[in-house]
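input_18.txt follows (compact mmCIF, C-alpha atoms and all ligand atoms):
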```txt
# COMPACT_ATOMS: atom_id res chain seq x y z
CA MET X 4 -25.14 47.74 45.67
CA ASN X 5 -22.54 48.51 42.98
CA ALA X 6 -23.02 47.08 39.49
CA LEU X 7 -22.62 43.33 39.09
CA PRO X 8 -19.38 42.28 37.34
CA SER X 9 -19.85 41.79 33.61
CA TRP X 10 -18.85 38.10 33.72
CA LEU X 11 -21.76 37.26 36.03
CA THR X 12 -24.32 38.34 33.46
CA ASP X 13 -22.39 37.24 30.35
CA LYS X 14 -24.58 34.36 29.14
CA ARG X 15 -22.03 33.38 26.50
CA LEU X 16 -19.94 31.93 29.34
CA SER X 17 -22.61 29.34 30.14
CA GLU X 18 -24.62 28.85 26.96
CA ASP X 19 -23.16 25.39 26.26
CA LEU X 20 -24.38 24.12 29.64
CA GLU X 21 -27.95 25.32 29.31
CA PRO X 22 -29.25 22.48 27.09
CA LEU X 23 -27.47 19.90 29.25
CA LEU X 24 -29.35 21.11 32.32
CA ALA X 25 -32.82 20.93 30.76
CA PRO X 26 -34.79 18.07 32.35
CA THR X 27 -35.87 15.38 29.89
CA ASP X 28 -37.10 11.80 30.26
CA ASP X 29 -35.61 10.43 27.08
CA GLY X 30 -32.64 8.66 28.56
CA SER X 31 -30.39 11.69 28.08
CA LEU X 32 -29.29 11.50 31.70
CA GLU X 33 -27.77 8.09 31.10
CA MET X 34 -26.00 9.39 27.99
CA LEU X 35 -24.63 12.36 29.92
CA ALA X 36 -23.44 9.99 32.66
CA ALA X 37 -21.52 7.87 30.17
CA GLU X 38 -19.88 10.93 28.59
CA ALA X 39 -19.00 12.42 31.98
CA GLN X 40 -17.51 9.11 33.12
CA ALA X 41 -15.37 8.81 29.99
CA ILE X 42 -14.04 12.38 30.39
CA THR X 43 -13.33 11.81 34.08
CA LEU X 44 -11.41 8.63 33.35
CA ARG X 45 -9.37 10.34 30.63
CA ARG X 46 -8.47 13.41 32.72
CA PHE X 47 -8.28 12.06 36.27
CA GLY X 48 -7.90 8.30 35.92
CA ARG X 49 -9.54 6.26 38.68
CA ILE X 50 -8.36 8.51 41.51
CA ILE X 51 -10.73 10.05 44.04
CA SER X 52 -8.90 12.47 46.34
CA LEU X 53 -10.19 12.62 49.88
CA TYR X 54 -10.28 15.31 52.55
CA ALA X 55 -11.95 15.85 55.90
CA PRO X 56 -13.32 19.04 57.48
CA LEU X 57 -12.28 20.23 60.94
CA TYR X 58 -14.56 22.87 62.46
CA LEU X 59 -12.35 25.13 64.58
CA SER X 60 -15.18 27.16 66.05
CA ASN X 61 -18.91 27.87 65.88
CA PHE X 62 -18.67 31.55 66.79
CA CYS X 63 -20.18 33.67 64.05
CA SER X 64 -21.25 37.28 63.59
CA SER X 65 -23.61 36.64 60.67
CA GLY X 66 -27.23 35.63 60.46
CA CYS X 67 -27.53 33.26 57.50
CA ALA X 68 -31.10 31.93 57.66
CA TYR X 69 -30.05 28.40 56.60
CA CYS X 70 -27.21 27.80 59.08
CA GLY X 71 -27.11 26.11 62.48
CA PHE X 72 -24.23 28.39 63.59
CA ALA X 73 -26.01 31.73 62.83
CA SER X 74 -25.53 34.19 65.65
CA ASP X 75 -29.17 33.97 66.83
CA ARG X 76 -29.00 30.20 67.47
CA THR X 77 -28.94 29.29 71.14
CA ALA X 78 -26.44 26.40 70.96
CA PRO X 79 -23.36 26.97 73.15
CA ARG X 80 -20.36 28.53 71.38
CA ARG X 81 -16.84 27.32 71.58
CA ARG X 82 -13.56 27.36 69.76
CA LEU X 83 -10.80 24.80 69.75
CA GLU X 84 -7.73 25.97 71.63
CA PHE X 85 -4.39 25.36 69.92
CA ASP X 86 -3.57 22.25 71.93
CA GLU X 87 -7.02 20.86 71.05
CA ILE X 88 -6.41 21.56 67.35
CA GLU X 89 -3.26 19.47 67.54
CA LYS X 90 -5.15 16.62 69.22
CA GLU X 91 -7.92 16.73 66.60
CA LEU X 92 -5.43 16.70 63.73
CA THR X 93 -3.54 13.82 65.28
CA ALA X 94 -6.82 11.89 65.56
CA MET X 95 -7.59 12.68 61.92
CA LYS X 96 -4.11 11.56 60.89
CA ALA X 97 -4.71 8.27 62.70
CA LEU X 98 -7.73 7.75 60.42
CA GLY X 99 -5.35 8.14 57.47
CA ILE X 100 -6.47 11.66 56.56
CA GLY X 101 -3.76 13.86 55.04
CA ASP X 102 -5.86 16.70 53.68
CA ALA X 103 -7.73 18.92 56.13
CA LEU X 104 -10.21 21.71 55.54
CA LEU X 105 -10.31 24.08 58.54
CA LEU X 106 -13.64 25.85 59.03
CA THR X 107 -14.90 28.82 61.02
CA GLY X 108 -17.80 31.25 60.80
CA GLU X 109 -17.55 34.95 60.06
CA ARG X 110 -14.89 36.98 61.88
CA THR X 111 -15.52 37.60 65.60
CA SER X 112 -13.39 38.84 68.48
CA ALA X 113 -13.04 35.18 69.59
CA VAL X 114 -11.97 33.89 66.18
CA GLY X 115 -10.16 36.35 63.98
CA PHE X 116 -7.30 36.31 61.52
CA ASP X 117 -4.46 35.75 64.03
CA TYR X 118 -6.23 32.71 65.50
CA LEU X 119 -6.84 31.26 62.04
CA ARG X 120 -3.25 31.81 60.88
CA ARG X 121 -1.92 30.03 63.98
CA ALA X 122 -4.36 27.15 63.38
CA VAL X 123 -3.07 26.82 59.81
CA GLU X 124 0.55 26.78 61.03
CA ILE X 125 -0.28 23.96 63.45
CA ALA X 126 -2.18 22.00 60.80
CA ALA X 127 0.55 22.41 58.17
CA LYS X 128 2.98 20.62 60.49
CA VAL X 129 0.68 17.58 60.64
CA MET X 130 -1.04 17.49 57.24
CA PRO X 131 0.50 17.61 53.75
CA ARG X 132 -2.39 19.77 52.57
CA VAL X 133 -4.35 22.38 54.52
CA ALA X 134 -7.21 24.44 53.15
CA VAL X 135 -9.50 26.93 54.86
CA GLU X 136 -13.21 27.69 54.67
CA ALA X 137 -13.66 30.84 56.71
CA PHE X 138 -14.47 34.54 56.47
CA PRO X 139 -13.44 36.68 53.48
CA MET X 140 -10.00 38.25 53.91
CA THR X 141 -7.81 40.91 52.33
CA VAL X 142 -5.12 40.08 49.77
CA ALA X 143 -2.45 40.71 52.44
CA GLU X 144 -4.18 38.34 54.86
CA TYR X 145 -4.42 35.64 52.21
CA ARG X 146 -0.71 36.03 51.51
CA ALA X 147 0.08 35.63 55.21
CA LEU X 148 -2.19 32.57 55.34
CA ALA X 149 -0.43 31.04 52.34
CA GLU X 150 2.93 31.67 54.04
CA ALA X 151 1.59 29.84 57.10
CA GLY X 152 0.91 26.77 54.92
CA CYS X 153 -2.60 27.23 53.53
CA THR X 154 -2.79 25.98 49.95
CA GLY X 155 -6.47 26.40 49.21
CA ILE X 156 -9.63 28.17 50.27
CA THR X 157 -13.26 27.27 49.87
CA ILE X 158 -15.83 30.04 49.71
CA TYR X 159 -19.36 29.42 48.50
CA GLN X 160 -21.37 32.31 47.15
CA GLU X 161 -24.40 30.43 48.59
CA THR X 162 -26.70 32.03 46.00
CA TYR X 163 -25.88 34.06 42.90
CA ASP X 164 -29.30 35.75 43.02
CA PRO X 165 -28.64 39.15 44.64
CA GLU X 166 -32.25 39.61 45.81
CA ASN X 167 -32.44 36.23 47.50
CA TYR X 168 -28.96 36.77 48.87
CA ALA X 169 -30.14 39.95 50.62
CA LYS X 170 -33.15 38.15 52.15
CA LEU X 171 -31.21 35.12 53.39
CA HIS X 172 -28.22 36.97 54.86
CA ARG X 173 -30.14 38.77 57.55
CA TRP X 174 -27.25 40.60 59.23
CA GLY X 175 -23.49 40.62 59.61
CA PRO X 176 -20.57 41.05 57.23
CA LYS X 177 -21.79 38.28 54.96
CA ARG X 178 -24.60 40.56 53.77
CA ASP X 179 -22.15 42.11 51.28
CA PHE X 180 -22.86 40.14 48.08
CA LEU X 181 -20.09 41.69 45.97
CA GLU X 182 -17.44 41.45 48.65
CA ARG X 183 -18.09 37.72 48.87
CA LEU X 184 -18.20 37.32 45.10
CA GLU X 185 -14.73 38.88 44.78
CA THR X 186 -13.19 36.82 47.58
CA PRO X 187 -11.82 33.93 45.48
CA GLU X 188 -9.92 36.45 43.36
CA ARG X 189 -8.43 38.16 46.39
CA ALA X 190 -7.25 34.78 47.64
CA LEU X 191 -5.57 33.96 44.32
CA GLN X 192 -4.00 37.43 44.20
CA GLY X 193 -2.62 36.72 47.68
CA GLY X 194 -0.85 33.56 46.50
CA ILE X 195 -3.36 30.89 47.55
CA ARG X 196 -2.98 28.12 44.98
CA SER X 197 -6.52 26.83 44.67
CA VAL X 198 -10.07 28.01 45.31
CA GLY X 199 -13.25 26.03 45.75
CA ILE X 200 -16.57 27.64 44.95
CA GLY X 201 -20.20 26.57 44.92
CA ALA X 202 -23.82 27.52 45.47
CA LEU X 203 -25.92 26.13 48.31
CA LEU X 204 -28.49 24.31 46.22
CA GLY X 205 -32.08 24.91 47.26
CA LEU X 206 -31.75 28.61 48.10
CA SER X 207 -32.61 29.87 44.59
CA GLU X 208 -33.89 28.54 41.27
CA PRO X 209 -31.41 25.71 40.54
CA VAL X 210 -30.85 26.07 36.77
CA GLY X 211 -30.07 29.79 37.14
CA GLU X 212 -27.73 29.00 40.02
CA ALA X 213 -25.90 26.33 38.00
CA LEU X 214 -25.40 28.70 35.07
CA ALA X 215 -24.16 31.56 37.26
CA LEU X 216 -21.78 29.16 39.01
CA ALA X 217 -20.46 27.99 35.63
CA ARG X 218 -19.81 31.61 34.63
CA HIS X 219 -17.92 32.15 37.89
CA VAL X 220 -15.76 29.07 37.29
CA ARG X 221 -14.96 30.13 33.76
CA HIS X 222 -14.16 33.68 34.77
CA LEU X 223 -11.69 32.40 37.39
CA CYS X 224 -10.14 29.81 35.06
CA ARG X 225 -9.65 32.37 32.31
CA THR X 226 -8.28 35.12 34.51
CA TYR X 227 -6.16 33.02 36.86
CA TRP X 228 -5.29 30.25 34.48
CA LYS X 229 -2.57 28.67 36.61
CA ALA X 230 -4.83 28.37 39.65
CA GLY X 231 -6.67 25.26 40.74
CA VAL X 232 -10.43 25.77 40.73
CA SER X 233 -12.85 23.24 42.18
CA VAL X 234 -16.63 23.19 42.32
CA SER X 235 -18.82 21.79 45.10
CA PHE X 236 -22.49 20.86 44.91
CA PRO X 237 -23.87 21.27 48.45
CA ARG X 238 -27.60 20.74 48.95
CA ILE X 239 -29.27 22.17 52.04
CA ARG X 240 -29.47 19.71 54.92
CA PRO X 241 -31.58 19.85 58.10
CA GLN X 242 -30.04 22.22 60.65
CA GLU X 243 -30.83 23.99 63.93
CA GLY X 244 -33.06 26.87 62.94
CA GLY X 245 -35.24 24.66 60.77
CA TYR X 246 -34.86 26.60 57.51
CA GLN X 247 -36.80 24.90 54.71
CA PRO X 248 -35.32 25.31 51.24
CA ALA X 249 -37.41 27.33 48.81
CA PHE X 250 -36.49 25.09 45.84
CA THR X 251 -36.28 21.33 45.54
CA VAL X 252 -33.09 19.93 44.04
CA ASP X 253 -33.70 16.24 43.48
CA ASP X 254 -31.11 13.55 42.80
CA ARG X 255 -31.73 13.56 39.06
CA PHE X 256 -31.16 17.31 38.76
CA LEU X 257 -28.05 17.19 40.92
CA ALA X 258 -26.66 14.30 38.86
CA ARG X 259 -27.44 16.23 35.66
CA MET X 260 -25.66 19.29 37.03
CA ILE X 261 -22.56 17.28 37.93
CA PHE X 262 -22.46 15.65 34.48
CA ALA X 263 -22.95 19.01 32.73
CA PHE X 264 -20.07 20.56 34.68
CA ARG X 265 -17.79 17.62 33.92
CA ILE X 266 -18.60 17.77 30.21
CA GLY X 267 -18.28 21.56 30.03
CA MET X 268 -15.25 21.84 32.34
CA PRO X 269 -13.16 18.69 31.90
CA ASP X 270 -10.19 19.81 34.04
CA VAL X 271 -11.97 21.14 37.10
CA ASP X 272 -12.13 19.07 40.30
CA LEU X 273 -15.77 18.36 41.18
CA VAL X 274 -16.42 17.81 44.87
CA LEU X 275 -19.17 15.93 46.73
CA SER X 276 -19.43 16.01 50.51
CA THR X 277 -20.99 13.82 53.18
CA ARG X 278 -24.12 15.98 52.98
CA GLU X 279 -25.15 13.42 50.37
CA SER X 280 -26.35 9.88 51.02
CA PRO X 281 -24.05 6.85 50.69
CA ALA X 282 -26.02 5.61 47.68
CA PHE X 283 -25.77 8.94 45.84
CA ARG X 284 -22.09 9.39 46.66
CA ASP X 285 -21.19 5.88 45.57
CA GLY X 286 -23.13 6.42 42.36
CA MET X 287 -21.47 9.73 41.51
CA ALA X 288 -17.87 8.78 42.36
CA GLY X 289 -15.97 8.59 39.11
CA LEU X 290 -18.97 9.74 37.06
CA GLY X 291 -17.70 13.31 37.22
CA ILE X 292 -16.90 13.64 40.93
CA THR X 293 -13.15 13.51 41.65
CA ARG X 294 -12.88 14.77 45.21
CA MET X 295 -14.90 13.75 48.29
CA SER X 296 -15.00 14.38 52.01
CA ILE X 297 -14.90 11.45 54.40
CA ALA X 298 -15.62 10.65 58.02
CA SER X 299 -16.86 14.23 58.45
CA ARG X 300 -17.80 15.82 61.75
CA THR X 301 -19.77 19.06 61.52
CA THR X 302 -19.36 19.78 65.22
CA VAL X 303 -16.49 21.85 66.62
CA GLY X 304 -13.79 19.21 66.78
CA GLY X 305 -15.23 15.72 67.22
CA TYR X 306 -12.43 13.48 65.91
CA HIS X 307 -10.48 13.35 69.17
CA ASP X 308 -13.40 13.63 71.58
CA ALA X 309 -16.79 13.09 69.95
CA ASP X 310 -18.73 13.40 73.24
CA SER X 311 -17.84 17.04 73.97
CA ALA X 312 -18.16 18.30 70.41
CA GLY X 313 -21.59 19.99 70.79
CA ALA X 314 -24.04 21.20 68.13
CA THR X 315 -23.66 20.51 64.41
CA GLN X 316 -23.70 23.10 61.61
CA PHE X 317 -25.87 20.68 59.65
CA GLU X 318 -26.56 16.95 59.68
CA VAL X 319 -24.33 14.75 57.54
CA SER X 320 -26.00 12.02 55.53
CA ASP X 321 -23.06 9.72 54.84
CA ASP X 322 -21.59 8.82 58.22
CA ARG X 323 -19.53 5.82 57.10
CA SER X 324 -16.05 5.43 58.52
CA ALA X 325 -13.06 6.27 56.34
CA GLU X 326 -12.36 2.56 56.05
CA ALA X 327 -15.91 1.67 54.95
CA PHE X 328 -16.05 4.49 52.43
CA CYS X 329 -12.69 3.58 50.89
CA ALA X 330 -13.83 -0.04 50.62
CA ALA X 331 -16.92 1.12 48.71
CA LEU X 332 -14.74 3.14 46.30
CA ARG X 333 -12.38 0.21 45.73
CA ALA X 334 -15.35 -2.04 45.03
CA LYS X 335 -16.10 0.32 42.13
CA ASN X 336 -12.53 -0.05 40.89
CA LEU X 337 -11.72 3.50 42.05
CA GLU X 338 -8.60 4.46 43.96
CA PRO X 339 -9.09 6.56 47.10
CA VAL X 340 -6.10 8.83 47.70
CA PHE X 341 -5.52 10.55 51.03
CA LYS X 342 -2.45 12.46 49.95
CA ASN X 343 -2.65 13.96 46.49
CA TRP X 344 -0.40 16.90 47.21
CA ASP X 345 3.28 17.25 47.93
CA ALA X 346 4.34 19.54 50.74
CA ALA X 347 7.03 20.89 48.38
CA TYR X 348 4.20 22.83 46.69
CA ASN X 349 3.15 24.55 49.92
CA GLY X 350 3.73 28.26 50.41
CA PRO X 351 2.30 31.11 48.38
CA ILE X 352 2.54 31.55 44.65
CA SER X 353 5.10 34.34 44.38
CA GLU X 354 4.00 37.73 43.07
CA LYS X 355 6.47 37.26 40.19
CA GLU X 356 4.95 33.90 39.33
CA SER X 357 1.50 35.46 39.08
CA LEU X 358 -1.54 33.20 38.61
CA CYS X 359 -3.10 35.83 36.42
CA ARG X 360 -2.63 36.25 32.70
S1 LIG X 401 -23.03 30.00 57.00
FE1 LIG X 401 -21.09 30.70 57.87
S2 LIG X 401 -21.34 32.92 58.02
FE2 LIG X 401 -23.39 32.08 57.79
S3 LIG X 401 -24.16 31.87 59.88
FE3 LIG X 401 -23.23 29.91 59.25
S4 LIG X 401 -21.14 29.98 60.02
FE4 LIG X 401 -21.95 32.08 60.01
```

Can I see the file as structure tokens?
Amino acid sequence: MNALPSWLTDKRLSEDLEPLLAPTDDGSLEMLAAEAQAITLRRFGRIISLYAPLYLSNFCSSGCAYCGFASDRTAPRRRLEFDEIEKELTAMKALGIGDALLLTGERTSAVGFDYLRRAVEIAAKVMPRVAVEAFPMTVAEYRALAEAGCTGITIYQETYDPENYAKLHRWGPKRDFLERLETPERALQGGIRSVGIGALLGLSEPVGEALALARHVRHLCRTYWKAGVSVSFPRIRPQEGGYQPAFTVDDRFLARMIFAFRIGMPDVDLVLSTRESPAFRDGMAGLGITRMSIASRTTVGGYHDADSAGATQFEVSDDRSAEAFCAALRAKNLEPVFKNWDAAYNGPISEKESLCR
């Protein structure tokens, strides 16, 4: 492997977060929560922006040990055809969802770039905001995707520990640690307006992962200062394949990590998905978290026709309806927002109007 980028090992980029992540029993967690809540209120008000994932396909060419869609799993494979994508999006729209995240596995002959671009075009006609969580692409491909209506991408590094990364990514294109690490930058260079990053918590030692993630966020924010950067905090959930996480990430550590990121990075959207329990999600909303998924299906499709959706990538923990979840947020005096993006902002950032310094 080529040398790691200097920002990944530059501890100065994360030294302020290190003491905040140290576990203590002296009530510091409650103090961090209060500080994180005050910062969140000042910067984001009471708004929680909502989105929902739509899995387009479970074809995949990679062998990630922790994933129910890895290419050695025996579950049947399928992709949504374009008419099915329209039906799924219409069903999502009927739930009030205006912000869709389209997901696929690694590139295959069944699901490649042309398929994904067409799916984005269809989605952009129905949804004000469309983002993609899929395989790494070239700058030119990201530009074409942005022109089709994609405003954001999500790409988790999964683990920032190169040795663990090599063990967990058993085969396929995702084995290339550096290629994945550089993907958010290629997307921004291609005109995508926002990137979401994260580590899959439980794969490697959690404090080290949190610090490396913080360095990644700061590198992106400093280099592409006009871009939107968001951070997710996924913990491993049960999945077909039965992978057991090597490290435990309990609720107190995850809460501490969220508070530390909010305090250290006041302007960054912090995201919590339905992987987490209703109690944890309700507790974290507004205490640092500003963006949440709702009514998620982790099957291929599943909004229009739940019965034929097939195997899940992982089990969700919070399966409340959109209505029930919004009621819980309002009960906390928070304001759920389905559309936090104007379609006038869609389309790529022009090369002239570079995101980079
Ligand atoms: S995590 Fe993504 S790339 Fe890895 S096996 Fe699952 S779908 Fe494929």

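Non-sequential neighbours of Ala25 of chain X (distance at most 10 Å, separation of 3 or more positions within a chain, only C-alpha atoms) are Leu20, Glu21, Pro22, Ser31, Val210, Phe256, Arg259 and Met260 of chain X.
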
Test item: residues lying within 12 Å of ligand LIG 401 (chain X) with all atoms listed in the file, as JSON, numbers by chain: {"X": [58, 59, 60, 61, 62, 63, 64, 65, 66, 67, 68, 69, 70, 71, 72, 73, 74, 75, 76, 80, 106, 107, 108, 109, 110, 111, 114, 136, 137, 138, 139, 157, 158, 159, 160, 161, 162, 168, 171, 172, 173, 174, 175, 176, 177, 178, 179, 183, 202, 203, 239, 242, 243, 244, 301, 302, 303, 315, 316, 317]}

Output file for the residues above (C-alpha atoms, as a tab-separated table (two decimals), in the frame of the given file):
```tsv
chain	number	residue	atom	x	y	z
X	58	TYR	CA	-14.56	22.87	62.46
X	59	LEU	CA	-12.35	25.13	64.58
X	60	SER	CA	-15.18	27.16	66.05
X	61	ASN	CA	-18.91	27.87	65.88
X	62	PHE	CA	-18.67	31.55	66.79
X	63	CYS	CA	-20.18	33.67	64.05
X	64	SER	CA	-21.25	37.28	63.59
X	65	SER	CA	-23.61	36.64	60.67
X	66	GLY	CA	-27.23	35.63	60.46
X	67	CYS	CA	-27.53	33.26	57.50
X	68	ALA	CA	-31.10	31.93	57.66
X	69	TYR	CA	-30.05	28.40	56.60
X	70	CYS	CA	-27.21	27.80	59.08
X	71	GLY	CA	-27.11	26.11	62.48
X	72	PHE	CA	-24.23	28.39	63.59
X	73	ALA	CA	-26.01	31.73	62.83
X	74	SER	CA	-25.53	34.19	65.65
X	75	ASP	CA	-29.17	33.97	66.83
X	76	ARG	CA	-29.00	30.20	67.47
X	80	ARG	CA	-20.36	28.53	71.38
X	106	LEU	CA	-13.64	25.85	59.03
X	107	THR	CA	-14.90	28.82	61.02
X	108	GLY	CA	-17.80	31.25	60.80
X	109	GLU	CA	-17.55	34.95	60.06
X	110	ARG	CA	-14.89	36.98	61.88
X	111	THR	CA	-15.52	37.60	65.60
X	114	VAL	CA	-11.97	33.89	66.18
X	136	GLU	CA	-13.21	27.69	54.67
X	137	ALA	CA	-13.66	30.84	56.71
X	138	PHE	CA	-14.47	34.54	56.47
X	139	PRO	CA	-13.44	36.68	53.48
X	157	THR	CA	-13.26	27.27	49.87
X	158	ILE	CA	-15.83	30.04	49.71
X	159	TYR	CA	-19.36	29.42	48.50
X	160	GLN	CA	-21.37	32.31	47.15
X	161	GLU	CA	-24.40	30.43	48.59
X	162	THR	CA	-26.70	32.03	46.00
X	168	TYR	CA	-28.96	36.77	48.87
X	171	LEU	CA	-31.21	35.12	53.39
X	172	HIS	CA	-28.22	36.97	54.86
X	173	ARG	CA	-30.14	38.77	57.55
X	174	TRP	CA	-27.25	40.60	59.23
X	175	GLY	CA	-23.49	40.62	59.61
X	176	PRO	CA	-20.57	41.05	57.23
X	177	LYS	CA	-21.79	38.28	54.96
X	178	ARG	CA	-24.60	40.56	53.77
X	179	ASP	CA	-22.15	42.11	51.28
X	183	ARG	CA	-18.09	37.72	48.87
X	202	ALA	CA	-23.82	27.52	45.47
X	203	LEU	CA	-25.92	26.13	48.31
X	239	ILE	CA	-29.27	22.17	52.04
X	242	GLN	CA	-30.04	22.22	60.65
X	243	GLU	CA	-30.83	23.99	63.93
X	244	GLY	CA	-33.06	26.87	62.94
X	301	THR	CA	-19.77	19.06	61.52
X	302	THR	CA	-19.36	19.78	65.22
X	303	VAL	CA	-16.49	21.85	66.62
X	315	THR	CA	-23.66	20.51	64.41
X	316	GLN	CA	-23.70	23.10	61.61
X	317	PHE	CA	-25.87	20.68	59.65
```

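For the pair atom CA of Arg284 of chain X and atom CA of Gly231 of chain X, the interatomic distance is 22.9 Å.
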
Residue contacts of Gly201 of chain X (10 Å, all atoms listed in the file) excluding same-chain residues fewer than 4 positions away, as a ChimeraX atom specification: /X:157-163,212-213,215-217,219-220,233-237,274

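Counting only C-alpha atoms and comparing X:His222, X:Ala258, X:Ile50, X:Glu38, the residue that lies closest to Leu16 of chain X is X:His222.
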
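Coordinates place atom CA of Pro351 of chain X at a distance of 7.4 Å from atom CA of Thr154 of chain X.
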
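Distances here use all atoms listed in the file; by that measure, the residue among X:Glu185, X:Ala113, X:Leu206, X:Gly193 closest to Asp164 of chain X is X:Leu206.
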
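Between atom CA of Met130 of chain X and atom CA of Gly48 of chain X lies a distance of 24.2 Å.
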
Please provide the set of residues having any atom within 12 Å of Gly30 of chain X, restricted to all atoms listed in the file, with same-chain residues fewer than 5 positions apart removed, written as a PDB file with C-alpha atoms, in the coordinates of the input.
```pdb
ATOM      1  CA  LEU X  35     -24.630  12.360  29.920  1.00  0.00           C
ATOM      2  CA  ALA X  36     -23.440   9.990  32.660  1.00  0.00           C
ATOM      3  CA  ALA X  37     -21.520   7.870  30.170  1.00  0.00           C
ATOM      4  CA  ARG X 255     -31.730  13.560  39.060  1.00  0.00           C
ATOM      5  CA  ARG X 259     -27.440  16.230  35.660  1.00  0.00           C
TER       6      ARG X 259
END
```

Minimum-distance residue to Ile266 of chain X, chosen among X:Lys335, X:Lys90, X:Arg45, X:Arg225 (using all atoms listed in the file): X:Arg45

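Remark: residues at most 9 Å from position (-28.7, 8.3, 58.2) in file coordinates are Ser280, Pro281, Val319, Ser320, Asp321 and Asp322 of chain X, using all atoms listed in the file.
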
What are the nearest atom pairs, with distances in Å to one decimal, for all residues of segment 68-121 of chain X that come at most 7 Å from segment 131-134 of chain X, using all atoms listed in the file, set out by chain and rising residue number as a Markdown table?
```
| residue | atom | partner | partner_atom | distance |
| --- | --- | --- | --- | --- |
| X:Gly101 | CA | X:Pro131 | CA | 5.8 |
| X:Asp102 | CA | X:Arg132 | CA | 4.8 |
| X:Ala103 | CA | X:Val133 | CA | 5.1 |
| X:Leu104 | CA | X:Ala134 | CA | 4.7 |
| X:Leu105 | CA | X:Ala134 | CA | 6.2 |
```

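Distances from X:Cys224, X:Ala39, X:Cys329, X:Ala147 to Leu98 of chain X were compared using only C-alpha atoms, and the smallest one belongs to X:Cys329.
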
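Residues in contact range of segment 194-197 of chain X, defined as at most 7 Å between only C-alpha atoms, with sequence neighbours fewer than 2 positions away removed, read Tyr145, Arg146, Ala149, Thr154, Gly155, Ile156, Ala190, Leu191, Gln192, Gly199, Ala230, Gly231, Val232, Pro351, Ile352 and Ser353 of chain X.
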